[in-house]
$ cat data_28.txt   # compact mmCIF, C-alpha atoms and all ligand atoms
# COMPACT_ATOMS: atom_id res chain seq x y z
CA MET E 1127 -12.06 -10.99 -4.97
CA GLU E 1128 -15.60 -10.31 -3.87
CA GLN E 1129 -14.44 -10.20 -0.26
CA VAL E 1130 -11.57 -7.89 -1.18
CA PHE E 1131 -13.99 -5.46 -2.76
CA GLU E 1132 -16.29 -5.59 0.27
CA LEU E 1133 -13.28 -4.76 2.41
CA GLU E 1134 -12.27 -1.93 0.08
CA GLU E 1135 -15.73 -0.43 0.54
CA LYS E 1136 -15.36 -0.61 4.33
CA CYS E 1137 -11.96 1.09 4.23
CA PHE E 1138 -12.28 3.92 1.73
CA LYS E 1139 -14.57 6.82 0.97
CA TYR E 1140 -13.79 6.35 -2.72
CA PRO E 1141 -13.23 2.60 -3.13
CA TYR E 1142 -11.48 1.25 -6.17
CA PRO E 1143 -13.98 -0.43 -8.51
CA PRO E 1144 -13.88 -4.25 -8.65
CA GLN E 1145 -12.51 -4.13 -12.23
CA LEU E 1146 -9.53 -2.07 -11.14
CA LEU E 1147 -8.80 -4.42 -8.23
CA ALA E 1148 -9.03 -7.38 -10.61
CA MET E 1149 -6.65 -5.65 -13.02
CA LEU E 1150 -4.13 -4.96 -10.25
CA ARG E 1151 -4.21 -8.60 -9.27
CA ALA E 1152 -3.90 -9.76 -12.87
CA LEU E 1153 -0.92 -7.44 -13.51
CA TYR E 1154 1.04 -8.39 -10.40
CA PRO E 1155 -0.45 -11.45 -8.71
CA GLU E 1156 2.75 -11.84 -6.63
CA LEU E 1157 2.16 -8.37 -5.20
CA PHE E 1158 -1.54 -8.75 -4.42
CA LEU E 1159 -1.67 -10.27 -0.93
CA VAL E 1160 -4.57 -10.99 1.39
CA ALA E 1161 -4.67 -11.64 5.13
CA LYS E 1162 -7.27 -14.18 6.20
CA HIS E 1163 -8.92 -15.15 9.47
CA GLY E 1164 -10.37 -18.55 8.69
CA ASN E 1165 -12.14 -18.03 5.38
CA ARG E 1166 -12.67 -14.36 5.97
CA VAL E 1167 -10.47 -11.83 4.16
CA VAL E 1168 -9.49 -9.28 6.81
CA GLY E 1169 -6.84 -7.31 4.95
CA TYR E 1170 -5.17 -6.86 1.61
CA VAL E 1171 -2.33 -5.02 -0.03
CA SER E 1172 -1.63 -4.40 -3.69
CA ALA E 1173 1.55 -3.12 -5.32
CA VAL E 1174 2.87 -2.60 -8.83
CA VAL E 1175 6.30 -2.06 -10.38
CA ARG E 1176 7.04 1.38 -11.75
CA SER E 1177 9.30 1.99 -14.73
CA ASP E 1178 11.56 4.23 -12.58
CA GLY E 1179 12.53 1.27 -10.40
CA TYR E 1180 10.19 1.99 -7.52
CA GLY E 1181 7.75 -0.54 -6.13
CA HIS E 1182 4.47 1.32 -5.73
CA ILE E 1183 2.10 0.32 -2.96
CA VAL E 1184 -1.23 1.11 -4.56
CA SER E 1185 -3.59 0.08 -1.78
CA ILE E 1186 -3.62 -1.38 1.71
CA CYS E 1187 -6.60 -1.95 3.91
CA VAL E 1188 -7.40 -3.86 7.10
CA ASP E 1189 -10.92 -4.65 8.29
CA PRO E 1190 -11.83 -2.14 11.03
CA GLU E 1191 -12.59 -5.06 13.39
CA TYR E 1192 -9.04 -6.39 12.96
CA ARG E 1193 -6.98 -3.22 13.24
CA ARG E 1194 -4.09 -2.62 15.66
CA GLN E 1195 -3.17 -6.30 15.66
CA GLY E 1196 -0.15 -5.97 13.41
CA ILE E 1197 -1.90 -7.09 10.20
CA GLY E 1198 -1.19 -3.89 8.27
CA LYS E 1199 2.47 -4.01 9.24
CA LYS E 1200 2.73 -7.68 8.26
CA LEU E 1201 1.09 -7.01 4.87
CA MET E 1202 3.50 -4.15 4.18
CA GLU E 1203 6.53 -6.20 5.19
CA SER E 1204 5.37 -9.13 3.06
CA VAL E 1205 4.74 -7.06 -0.06
CA GLU E 1206 8.10 -5.27 0.34
CA ALA E 1207 9.84 -8.66 0.68
CA ARG E 1208 8.15 -9.86 -2.50
CA MET E 1209 8.98 -6.69 -4.43
CA ARG E 1210 12.56 -7.33 -3.47
CA SER E 1211 12.72 -11.09 -4.05
CA LYS E 1212 10.61 -11.30 -7.22
CA PHE E 1213 11.49 -8.00 -8.91
CA GLY E 1214 14.80 -6.91 -7.37
CA LEU E 1215 13.26 -3.68 -6.09
CA CYS E 1216 14.80 -1.89 -3.12
CA ARG E 1217 12.91 1.42 -3.36
CA TYR E 1218 9.26 1.73 -2.47
CA ARG E 1219 6.79 4.54 -2.85
CA LEU E 1220 3.22 5.34 -1.88
CA GLU E 1221 0.78 8.21 -1.50
CA VAL E 1222 -1.33 8.89 1.56
CA ARG E 1223 -3.89 11.49 2.60
CA VAL E 1224 -2.27 14.15 4.79
CA SER E 1225 -5.00 13.52 7.40
CA ASN E 1226 -4.48 9.74 7.54
CA GLU E 1227 -2.55 9.62 10.79
CA PRO E 1228 -2.85 5.82 11.37
CA ALA E 1229 -1.42 5.04 7.94
CA ILE E 1230 1.30 7.71 8.15
CA ARG E 1231 2.37 6.30 11.53
CA LEU E 1232 2.43 2.80 10.13
CA TYR E 1233 4.58 3.84 7.16
CA LYS E 1234 6.95 5.90 9.33
CA SER E 1235 7.35 2.95 11.68
CA LEU E 1236 8.46 0.91 8.65
CA GLY E 1237 11.03 3.49 7.55
CA TYR E 1238 9.08 5.53 4.98
CA ARG E 1239 9.67 9.27 4.89
CA ILE E 1240 7.65 12.10 3.42
CA VAL E 1241 9.35 13.52 0.32
CA GLY E 1242 6.63 15.63 -1.22
CA VAL E 1243 3.08 16.92 -1.19
CA LEU E 1244 0.60 16.41 -4.02
CA ARG E 1245 -1.84 19.29 -3.95
CA SER E 1246 -5.53 18.30 -4.24
CA TYR E 1247 -4.49 14.76 -5.07
CA TYR E 1248 -7.70 13.09 -3.89
CA PRO E 1249 -11.16 13.41 -5.46
CA ASP E 1250 -12.44 15.50 -2.54
CA GLY E 1251 -9.52 17.94 -2.90
CA GLU E 1252 -7.41 16.70 0.01
CA ASP E 1253 -3.63 16.85 -0.40
CA GLY E 1254 -1.51 13.70 -0.44
CA TYR E 1255 1.96 13.01 0.88
CA VAL E 1256 4.42 11.10 -1.23
CA MET E 1257 6.35 8.73 1.02
CA VAL E 1258 9.36 6.63 0.02
CA LYS E 1259 11.58 3.99 1.54
CA ASP E 1260 15.00 3.07 0.21
CA VAL E 1261 16.70 -0.09 1.38
CA CYS E 1262 19.16 -0.38 -1.49
CA GLN E 1263 22.63 -1.45 -0.44
CA GLN E 1264 25.63 0.56 -1.58
CA GLY E 1265 25.99 0.17 -5.33
CA GLU E 1266 22.70 -1.70 -5.66
CA ARG E 1267 20.22 -0.50 -8.26
CA SER E 1268 16.51 -1.01 -7.98
CA SER E 1269 15.58 -2.80 -11.22
CA CYS E 1270 13.32 -1.41 -13.84
CA ALA E 1271 10.07 -3.08 -14.63
CA GLN E 1272 9.11 -4.89 -17.77
CA ILE E 1273 5.61 -3.53 -17.28
CA SER E 1274 5.40 0.05 -16.14
CA SER E 1275 2.58 1.42 -14.05
CA SER E 1276 1.08 4.82 -14.54
CA SER E 1277 1.49 7.01 -11.48
CA SER E 1278 -2.20 6.54 -10.98
CA SER E 1279 -4.27 8.35 -8.40
CA SER E 1280 -4.40 6.15 -5.38
CA GLU E 1281 -6.56 6.24 -2.31
CA ALA E 1282 -4.22 4.05 -0.40
CA GLY E 1283 -0.78 3.46 -1.68
C1 LIG P 1301 -3.62 1.96 7.94
C2 LIG P 1301 -4.09 0.53 8.25
C3 LIG P 1301 -3.84 -0.34 7.03
C4 LIG P 1301 -3.25 0.01 9.44
O1 LIG P 1301 -3.57 -1.36 9.64
P1 LIG P 1301 -3.42 -2.07 11.07
O2 LIG P 1301 -3.48 -3.53 10.85
O3 LIG P 1301 -4.37 -1.47 12.03
O4 LIG P 1301 -1.93 -1.60 11.48
P2 LIG P 1301 -0.97 -2.35 12.50
O5 LIG P 1301 -1.74 -2.97 13.60
O6 LIG P 1301 -0.05 -3.23 11.73
O7 LIG P 1301 -0.16 -1.11 13.08
C5 LIG P 1301 1.26 -1.00 12.98
C6 LIG P 1301 1.68 0.35 13.55
O8 LIG P 1301 1.09 1.43 12.79
C7 LIG P 1301 0.73 2.51 13.67
N1 LIG P 1301 -0.74 2.64 13.70
C8 LIG P 1301 -1.64 1.85 13.08
N2 LIG P 1301 -2.90 2.30 13.33
C9 LIG P 1301 -2.77 3.38 14.14
C10 LIG P 1301 -3.71 4.27 14.75
N3 LIG P 1301 -5.05 4.14 14.58
N4 LIG P 1301 -3.24 5.29 15.50
C11 LIG P 1301 -1.91 5.43 15.69
N5 LIG P 1301 -0.97 4.61 15.15
C12 LIG P 1301 -1.40 3.61 14.38
C13 LIG P 1301 1.26 2.12 15.02
O9 LIG P 1301 2.60 2.56 15.10
C14 LIG P 1301 1.19 0.61 14.95
O10 LIG P 1301 2.04 -0.04 15.86
P3 LIG P 1301 1.49 -0.34 17.38
O11 LIG P 1301 0.12 -0.94 17.24
O12 LIG P 1301 2.53 -1.29 17.90
O13 LIG P 1301 1.47 0.99 18.05
C15 LIG P 1301 -5.58 0.52 8.67
O14 LIG P 1301 -5.79 1.50 9.66
C16 LIG P 1301 -6.55 0.76 7.53
O15 LIG P 1301 -6.94 -0.17 6.81
N6 LIG P 1301 -6.99 2.01 7.36
C17 LIG P 1301 -7.99 2.32 6.34
C18 LIG P 1301 -7.41 2.22 4.97
C19 LIG P 1301 -6.23 3.13 4.82
O16 LIG P 1301 -6.23 4.26 5.28
N7 LIG P 1301 -5.20 2.61 4.13
C20 LIG P 1301 -3.99 3.34 3.91
C21 LIG P 1301 -4.24 4.36 2.88
S1 LIG P 1301 -2.72 5.14 2.34

$ encode --input "data_28.txt" --output "structure tokens"
Amino acid sequence: MEQVFELEEKCFKYPYPPQLLAMLRALYPELFLVAKHGNRVVGYVSAVVRSDGYGHIVSICVDPEYRRQGIGKKLMESVEARMRSKFGLCRYRLEVRVSNEPAIRLYKSLGYRIVGVLRSYYPDGEDGYVMVKDVCQQGERSSCAQISSSSSSSEAG
């Protein structure tokens, strides 16, 4: 977890505190995934289950030295697969800074679409986009969670 927090600090202007990262992992260990190169943690993603049946990607980050190698995409695909297999979720949601072109491109390439704008969502006043992806088959319902997440402010997800 120490390495995850170091990575978080490299990735974000307002990193999540270690306690929050530890809580996210404790709540949904199946949805807290790391990418490693040898013993070095070079990426992570964290997601939670919302009570409205959406899987919420709370944070994703790849070490700047390891970007554009497909790690972010792989982390997203893996966490989506787990949200589906472990929790029966087929709808996913995240928030992203409107200026975060790399992340927006990544999410669009995976099938996410912008469905709303959250005014002054981030601590520095920047707006956020809400992006969602729905892969539910006809008649399929995304399950509801036993543990609901708050729609917490999120730097990444
Ligand atoms: C967003 C982030 C996780 C992407 O990780 P990554 O491992 O570099 O992404 P990938 O290599 O898997 O990229 C997959 C696709 O996303 C898009 N993409 C990723 N980075 C991009 C960039 N800098 N510019 C344009 N497109 C980009 C491309 O379509 C890319 O496919 P391609 O390389 O075949 O063109 C990474 O840039 C990061 O950690 N940023 C800082 C933290 C952050 O902003 N997290 C998201 C907050 S919502």

$ residues_near_ligand --input "data_28.txt" --ligand "ligand LIG 1301 (chain P)" --cutoff "9 Å" --atoms "all atoms listed in the file" --output "number ranges by chain"
E: 1133-1134, 1136-1138, 1169-1171, 1183-1190, 1192-1202, 1220-1223, 1226-1236, 1280-1283

$ residues_around --input "data_28.txt" --residues "Ser1268 (chain E)" --least-positions-apart "3" --cutoff "6 Å" --atoms "all atoms listed in the file" --output "list in words"
Gly1179, Leu1215 and Cys1216 of chain E

$ residues_around --input "data_28.txt" --residues "Glu1252 (chain E)" --least-positions-apart "5" --cutoff "8 Å" --atoms "only C-alpha atoms" --output "JSON list (two decimals) with C-alpha atoms, keeping the file's coordinate frame"
[["chain", "number", "residue", "atom", "x", "y", "z"],
["E", 1223, "ARG", "CA", -3.89, 11.49, 2.60],
["E", 1224, "VAL", "CA", -2.27, 14.15, 4.79],
["E", 1245, "ARG", "CA", -1.84, 19.29, -3.95],
["E", 1246, "SER", "CA", -5.53, 18.30, -4.24],
["E", 1247, "TYR", "CA", -4.49, 14.76, -5.07]]

$ closest_atom_pairs --input "data_28.txt" --of "region 1171-1271 of chain E" --to "region 1143-1167 of chain E" --cutoff "6 Å" --atoms "all atoms listed in the file" --output "Markdown table"
| residue | atom | partner | partner_atom | distance |
| --- | --- | --- | --- | --- |
| E:Val1171 | CA | E:Leu1159 | CA | 5.4 |
| E:Ser1172 | CA | E:Phe1158 | CA | 4.4 |
| E:Ala1173 | CA | E:Leu1157 | CA | 5.3 |
| E:Val1205 | CA | E:Leu1157 | CA | 5.9 |

$ atom_distance --input "data_28.txt" --atom1 "CA of Gly1214 (chain E)" --atom2 "CA of Ile1240 (chain E)"
23.0 Å

$ atom_distance --input "data_28.txt" --atom1 "CA of Asp1260 (chain E)" --atom2 "CA of Pro1141 (chain E)"
28.4 Å

$ atom_distance --input "data_28.txt" --atom1 "CA of Val1174 (chain E)" --atom2 "CA of Ser1211 (chain E)"
13.9 Å

$ closest_residue --input "data_28.txt" --among "E:Lys1212, E:Gly1265, E:Glu1203, E:Asp1253" --to "Gly1237 (chain E)" --atoms "only C-alpha atoms"
E:Glu1203

$ closest_residue --input "data_28.txt" --among "E:Gln1129, E:Ser1225, E:Gln1264, E:Ser1177" --to "Phe1213 (chain E)" --atoms "all atoms listed in the file"
E:Ser1177

$ decode --input "data_28.txt" --residues "region 1223-1264 of chain E" --atoms "C-alpha atoms" --output "PDB file, in the first residue's frame"
ATOM      1  CA  ARG E1223     -11.614  16.446 -14.965  1.00  0.00           C
ATOM      2  CA  VAL E1224     -12.811  18.145 -18.155  1.00  0.00           C
ATOM      3  CA  SER E1225      -9.160  18.972 -18.971  1.00  0.00           C
ATOM      4  CA  ASN E1226      -7.904  15.384 -18.557  1.00  0.00           C
ATOM      5  CA  GLU E1227      -7.621  14.526 -22.232  1.00  0.00           C
ATOM      6  CA  PRO E1228      -5.514  11.333 -21.809  1.00  0.00           C
ATOM      7  CA  ALA E1229      -8.024   9.822 -19.380  1.00  0.00           C
ATOM      8  CA  ILE E1230     -11.069  10.939 -21.399  1.00  0.00           C
ATOM      9  CA  ARG E1231      -9.539   9.342 -24.515  1.00  0.00           C
ATOM     10  CA  LEU E1232      -8.843   6.153 -22.622  1.00  0.00           C
ATOM     11  CA  TYR E1233     -12.416   5.954 -21.314  1.00  0.00           C
ATOM     12  CA  LYS E1234     -13.939   6.769 -24.712  1.00  0.00           C
ATOM     13  CA  SER E1235     -11.791   4.076 -26.309  1.00  0.00           C
ATOM     14  CA  LEU E1236     -13.328   1.623 -23.823  1.00  0.00           C
ATOM     15  CA  GLY E1237     -16.900   2.674 -24.628  1.00  0.00           C
ATOM     16  CA  TYR E1238     -17.610   5.261 -21.923  1.00  0.00           C
ATOM     17  CA  ARG E1239     -19.665   8.300 -22.895  1.00  0.00           C
ATOM     18  CA  ILE E1240     -20.089  11.676 -21.257  1.00  0.00           C
ATOM     19  CA  VAL E1241     -23.551  12.001 -19.703  1.00  0.00           C
ATOM     20  CA  GLY E1242     -23.183  15.064 -17.519  1.00  0.00           C
ATOM     21  CA  VAL E1243     -21.044  17.855 -16.136  1.00  0.00           C
ATOM     22  CA  LEU E1244     -20.443  18.426 -12.430  1.00  0.00           C
ATOM     23  CA  ARG E1245     -19.771  22.113 -11.926  1.00  0.00           C
ATOM     24  CA  SER E1246     -16.744  22.929  -9.725  1.00  0.00           C
ATOM     25  CA  TYR E1247     -16.472  19.279  -8.781  1.00  0.00           C
ATOM     26  CA  TYR E1248     -12.765  19.337  -7.932  1.00  0.00           C
ATOM     27  CA  PRO E1249     -11.114  21.155  -5.007  1.00  0.00           C
ATOM     28  CA  ASP E1250      -9.531  23.730  -7.334  1.00  0.00           C
ATOM     29  CA  GLY E1251     -12.915  24.517  -8.911  1.00  0.00           C
ATOM     30  CA  GLU E1252     -12.487  22.569 -12.151  1.00  0.00           C
ATOM     31  CA  ASP E1253     -15.591  20.933 -13.616  1.00  0.00           C
ATOM     32  CA  GLY E1254     -15.879  17.167 -13.944  1.00  0.00           C
ATOM     33  CA  TYR E1255     -17.517  15.007 -16.577  1.00  0.00           C
ATOM     34  CA  VAL E1256     -19.644  12.074 -15.544  1.00  0.00           C
ATOM     35  CA  MET E1257     -18.941   9.183 -17.896  1.00  0.00           C
ATOM     36  CA  VAL E1258     -20.835   5.891 -18.035  1.00  0.00           C
ATOM     37  CA  LYS E1259     -20.612   2.591 -19.845  1.00  0.00           C
ATOM     38  CA  ASP E1260     -23.476   0.137 -20.137  1.00  0.00           C
ATOM     39  CA  VAL E1261     -22.820  -3.396 -21.297  1.00  0.00           C
ATOM     40  CA  CYS E1262     -26.020  -4.920 -19.942  1.00  0.00           C
ATOM     41  CA  GLN E1263     -27.637  -7.429 -22.264  1.00  0.00           C
ATOM     42  CA  GLN E1264     -31.302  -7.090 -23.124  1.00  0.00           C
TER      43      GLN E1264
END
